[in-house]
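Containing mmCIF, C-alpha atoms: input27.cif.
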```cif
data_coords
loop_
_atom_site.group_PDB
_atom_site.id
_atom_site.type_symbol
_atom_site.label_atom_id
_atom_site.label_comp_id
_atom_site.auth_asym_id
_atom_site.auth_seq_id
_atom_site.Cartn_x
_atom_site.Cartn_y
_atom_site.Cartn_z
ATOM 1 C CA MET W 403 0.000 0.000 0.000
ATOM 2 C CA TYR W 404 1.172 3.499 -0.823
ATOM 3 C CA TYR W 405 0.565 6.680 1.169
ATOM 4 C CA THR W 406 0.621 10.314 0.145
ATOM 5 C CA ILE W 407 2.800 12.755 2.033
ATOM 6 C CA GLY W 408 -0.298 13.966 3.917
ATOM 7 C CA GLU W 409 -1.355 10.446 4.880
ATOM 8 C CA ILE W 410 2.095 9.427 6.070
ATOM 9 C CA ALA W 411 2.456 12.705 7.947
ATOM 10 C CA LYS W 412 -0.679 11.914 9.966
ATOM 11 C CA LYS W 413 0.410 8.327 10.621
ATOM 12 C CA VAL W 414 3.834 9.274 11.990
ATOM 13 C CA ASN W 415 2.762 12.609 13.517
ATOM 14 C CA ILE W 416 5.140 14.688 11.407
ATOM 15 C CA SER W 417 3.977 17.674 9.401
ATOM 16 C CA PRO W 418 4.015 17.425 5.589
ATOM 17 C CA HIS W 419 6.280 20.495 5.654
ATOM 18 C CA THR W 420 8.813 18.585 7.787
ATOM 19 C CA LEU W 421 8.678 15.590 5.438
ATOM 20 C CA ARG W 422 9.312 17.873 2.464
ATOM 21 C CA PHE W 423 12.241 19.421 4.353
ATOM 22 C CA TYR W 424 13.637 15.940 5.052
ATOM 23 C CA ALA W 425 13.325 15.105 1.363
ATOM 24 C CA LYS W 426 15.063 18.359 0.390
ATOM 25 C CA GLU W 427 17.899 17.530 2.810
ATOM 26 C CA GLY W 428 18.322 14.077 1.262
ATOM 27 C CA LEU W 429 16.958 12.093 4.216
ATOM 28 C CA LEU W 430 14.355 10.194 2.198
ATOM 29 C CA PRO W 431 16.210 8.522 -0.694
ATOM 30 C CA PHE W 432 14.337 5.303 0.095
ATOM 31 C CA VAL W 433 10.949 6.853 -0.767
ATOM 32 C CA GLU W 434 9.676 6.008 -4.237
ATOM 33 C CA ARG W 435 8.165 8.558 -6.597
ATOM 34 C CA SER W 436 5.364 8.172 -9.080
ATOM 35 C CA GLU W 437 5.879 8.890 -12.777
ATOM 36 C CA SER W 438 4.644 12.420 -12.116
ATOM 37 C CA GLY W 439 7.170 12.887 -9.267
ATOM 38 C CA ILE W 440 4.802 12.517 -6.299
ATOM 39 C CA ARG W 441 6.357 10.820 -3.281
ATOM 40 C CA MET W 442 4.765 7.433 -2.601
ATOM 41 C CA PHE W 443 5.420 6.189 0.920
ATOM 42 C CA LYS W 444 5.180 2.461 1.664
ATOM 43 C CA ASP W 445 4.651 0.654 4.964
ATOM 44 C CA GLU W 446 8.387 -0.155 4.997
ATOM 45 C CA ASP W 447 9.184 3.579 5.021
ATOM 46 C CA PHE W 448 7.695 3.976 8.528
ATOM 47 C CA GLU W 449 10.789 2.552 10.186
ATOM 48 C CA GLY W 450 13.095 4.927 8.324
ATOM 49 C CA LEU W 451 10.962 7.902 9.291
ATOM 50 C CA MET W 452 10.812 6.776 12.913
ATOM 51 C CA ILE W 453 14.622 6.416 13.016
ATOM 52 C CA ILE W 454 15.025 9.921 11.577
ATOM 53 C CA GLU W 455 12.627 11.302 14.204
ATOM 54 C CA CYS W 456 14.407 9.377 16.962
ATOM 55 C CA LEU W 457 17.792 10.762 15.967
ATOM 56 C CA LYS W 458 16.355 14.252 15.663
ATOM 57 C CA LYS W 459 14.918 14.009 19.202
ATOM 58 C CA THR W 460 18.369 13.100 20.498
ATOM 59 C CA GLY W 461 19.631 16.420 19.197
ATOM 60 C CA MET W 462 21.534 14.982 16.265
ATOM 61 C CA PRO W 463 22.071 17.582 13.530
ATOM 62 C CA ILE W 464 20.350 16.999 10.186
ATOM 63 C CA LYS W 465 23.729 16.746 8.421
ATOM 64 C CA ASP W 466 24.692 13.830 10.712
ATOM 65 C CA ILE W 467 21.338 12.146 10.130
ATOM 66 C CA LYS W 468 22.011 12.551 6.411
ATOM 67 C CA THR W 469 25.385 10.839 6.877
ATOM 68 C CA PHE W 470 23.606 7.950 8.611
ATOM 69 C CA ILE W 471 21.055 7.679 5.778
ATOM 70 C CA ASP W 472 23.915 7.670 3.260
ATOM 71 C CA TRP W 473 25.578 4.831 5.182
ATOM 72 C CA VAL W 474 22.318 2.859 5.153
ATOM 73 C CA MET W 475 22.041 3.334 1.410
ATOM 74 C CA GLU W 476 25.680 2.178 0.976
ATOM 75 C CA GLY W 477 24.833 -1.135 2.586
ATOM 76 C CA ASP W 478 26.501 -3.598 4.911
ATOM 77 C CA SER W 479 29.997 -2.170 4.495
ATOM 78 C CA THR W 480 28.952 0.673 6.847
ATOM 79 C CA ILE W 481 27.507 -1.427 9.678
ATOM 80 C CA ASP W 482 30.441 -0.609 11.984
ATOM 81 C CA LYS W 483 30.038 3.130 11.359
ATOM 82 C CA ARG W 484 26.309 2.967 12.032
ATOM 83 C CA LEU W 485 26.780 0.935 15.212
ATOM 84 C CA GLU W 486 29.386 3.407 16.497
ATOM 85 C CA MET W 487 27.083 6.339 15.690
ATOM 86 C CA PHE W 488 24.218 4.767 17.640
ATOM 87 C CA LYS W 489 26.488 3.961 20.589
ATOM 88 C CA LYS W 490 27.659 7.584 20.656
ATOM 89 C CA GLN W 491 24.099 8.882 20.454
ATOM 90 C CA LYS W 492 22.967 6.481 23.185
ATOM 91 C CA ALA W 493 25.741 7.730 25.489
ATOM 92 C CA ALA W 494 24.752 11.341 24.775
ATOM 93 C CA VAL W 495 21.103 10.600 25.599
ATOM 94 C CA GLU W 496 22.080 8.780 28.800
ATOM 95 C CA LYS W 497 24.071 11.871 29.835
ATOM 96 C CA GLN W 498 21.073 14.112 29.046
ATOM 97 C CA ILE W 499 18.806 11.856 31.111
ATOM 98 C CA ALA W 500 21.188 12.024 34.077
ATOM 99 C CA GLN W 501 21.292 15.820 33.831
ATOM 100 C CA LEU W 502 17.510 15.992 33.591
ATOM 101 C CA GLN W 503 17.175 13.669 36.591
ATOM 102 C CA GLU W 504 19.355 16.042 38.645
ATOM 103 C CA THR W 505 17.216 18.945 37.478
ATOM 104 C CA LEU W 506 14.035 17.081 38.410
ATOM 105 C CA GLU W 507 15.382 16.361 41.900
ATOM 106 C CA LEU W 508 16.136 20.043 42.425
ATOM 107 C CA LEU W 509 12.661 20.985 41.203
ATOM 108 C CA LYS W 510 11.102 18.485 43.632
ATOM 109 C CA TYR W 511 13.140 20.002 46.440
ATOM 110 C CA LYS W 512 12.063 23.537 45.551
ATOM 111 C CA CYS W 513 8.404 22.464 45.386
ATOM 112 C CA TRP W 514 8.742 21.006 48.888
ATOM 113 C CA TYR W 515 10.593 24.150 50.015
ATOM 114 C CA TYR W 516 7.873 26.534 48.843
ATOM 115 C CA GLU W 517 4.994 24.293 49.959
ATOM 116 C CA THR W 518 6.537 24.254 53.423
ATOM 117 C CA ALA W 519 7.081 28.019 53.336
ATOM 118 C CA LYS W 520 3.518 28.597 52.113
ATOM 119 C CA ASN W 521 2.093 26.468 54.948
ATOM 120 C CA ALA W 522 4.213 28.364 57.492
ATOM 121 C CA GLY W 523 3.515 31.730 55.884
ATOM 122 C CA THR W 524 7.236 32.477 55.548
ATOM 123 C CA CYS W 525 10.457 31.158 54.005
ATOM 124 C CA GLU W 526 12.072 31.716 57.410
ATOM 125 C CA VAL W 527 10.683 28.326 58.434
ATOM 126 C CA HIS W 528 13.606 26.757 56.585
ATOM 127 C CA SER W 529 16.202 28.340 58.853
ATOM 128 C CA LYS W 530 14.785 26.263 61.714
ATOM 129 C CA ILE W 531 14.174 22.954 59.913
ATOM 130 C CA LYS W 532 16.468 20.091 60.886
ATOM 131 C CA MET W 533 17.820 17.767 58.220
ATOM 132 C CA GLU W 534 15.808 14.841 59.640
ATOM 133 C CA ASP W 535 12.594 16.870 59.152
ATOM 134 C CA ILE W 536 13.218 17.093 55.427
ATOM 135 C CA PRO W 537 11.584 14.240 53.475
ATOM 136 C CA GLU W 538 14.096 11.462 52.919
ATOM 137 C CA ASP W 539 13.777 11.462 49.121
ATOM 138 C CA ILE W 540 14.776 15.132 48.812
ATOM 139 C CA ARG W 541 17.288 15.286 51.671
ATOM 140 C CA PRO W 542 20.243 14.529 49.314
ATOM 141 C CA VAL W 543 19.408 17.642 47.283
ATOM 142 C CA LYS W 544 19.483 19.819 50.400
ATOM 143 C CA GLU W 545 22.791 18.226 51.465
ATOM 144 C CA ASN W 546 24.247 18.866 48.012
ATOM 145 C CA LEU W 547 23.111 22.505 48.118
ATOM 146 C CA LYS W 548 24.831 22.907 51.502
ATOM 147 C CA LYS W 549 28.078 21.498 50.047
ATOM 148 C CA ILE W 550 27.925 23.848 47.080
ATOM 149 C CA ARG W 551 27.243 26.828 49.354
ATOM 150 C CA LYS W 552 30.378 25.985 51.377
ATOM 151 C CA LEU W 553 32.496 25.999 48.225
ATOM 152 C CA TYR W 554 31.618 29.621 47.562
#
```

What do you get writing this file as structure tokens?
Amino acid sequence: MYYTIGEIAKKVNISPHTLRFYAKEGLLPFVERSESGIRMFKDEDFEGLMIIECLKKTGMPIKDIKTFIDWVMEGDSTIDKRLEMFKKQKAAVEKQIAQLQETLELLKYKCWYYETAKNAGTCEVHSKIKMEDIPEDIRPVKENLKKIRKLY
């Protein structure tokens, strides 16, 4: 079965404009065209589009995604390059996740901080709170903030 650019855009939740941009950038060499030049997407093209979207979400530049697509089109001789690229991207995403987890922990702490202050009617309440009165799951954030404060 073949899909128009509009149909495939809906199925993969990508705008037709984005798909046209991908085509212009050379990311869709696997997509067939009709005799009149209209792109005809097949079911097999879903995976390629999903990989492109995945790589884009990791922050990979379009030019690097294009390099990957070129390697795919070259065939099995580029398997090592593709594997290395995915390993690198995986490591970058794992680092991003760790950074976001730290950010989330700080946000949780600040929510607790302001909820406590709101209930007490003042932020001064925190000058009297003992470490053991801080919820156990956010205590490490408070301890880390104390360490950082001592460094400066």

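Shortest atom-to-atom contact with Ile453 in chain W among W:Val414, W:Val433, W:Arg422, W:Ile536: W:Val414, counting all atoms listed in the file.
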
Report, as lines of an AutoDock Vina configuration file, the axis-aligned box around all atoms of range 422-439 of chain W present in the file, extended by 3 Å on each side; give centre and edge lengths in Å to one decimal place.
```
center_x = 11.5
center_y = 12.4
center_z = -3.9
size_x = 19.7
size_y = 20.1
size_z = 23.8
```

message: For Glu504 in chain W, find every residue with an atom within 12 Å (counting all atoms listed in the file), except residues of its own chain fewer than 6 positions away, and show them as number ranges by chain.
response: W: 497-498, 510-511, 540, 542-543, 546

Could you take the residues named above and write them with C-alpha atoms, as a compact mmCIF listing (two decimals), in the frame of the given file?
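Contents of the output file again_2.txt:
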```
# COMPACT_ATOMS: atom_id res chain seq x y z
CA LYS W 497 24.07 11.87 29.84
CA GLN W 498 21.07 14.11 29.05
CA LYS W 510 11.10 18.48 43.63
CA TYR W 511 13.14 20.00 46.44
CA ILE W 540 14.78 15.13 48.81
CA PRO W 542 20.24 14.53 49.31
CA VAL W 543 19.41 17.64 47.28
CA ASN W 546 24.25 18.87 48.01
```

- prompt: Suppose you want the space between CA of Thr469 in chain W and CA of Leu429 in chain W; what is it in Å?
  reply: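 Interatomic distance here is 8.9 Å.
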
message: Quick check, in Å to one decimal: how far apart do CA of Glu434 in chain W and CA of Met403 in chain W lie?
response: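 We find that CA of Glu434 in chain W and CA of Met403 in chain W lie 12.2 Å from each other.
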
message: Residues within 12 Å of Val527 in chain W, please, as a list of chain:residue names. Count all atoms listed in the file; anything in the same chain fewer than 4 positions from it doesn't count.
response: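 The neighbour list is W:Tyr515, W:Tyr516, W:Glu517, W:Thr518, W:Ala519, W:Lys520, W:Asn521, W:Ala522, W:Gly523, W:Ile531, W:Lys532, W:Asp535, W:Ile536.
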
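We find CA of Tyr424 in chain W and CA of Ile467 in chain W to be spaced 10.0 Å apart.
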
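Checking W:Leu506, W:Cys513, W:Ala500, W:Ile440 one by one against Tyr404 in chain W, counting only C-alpha atoms, you find the shortest gap at W:Ile440.
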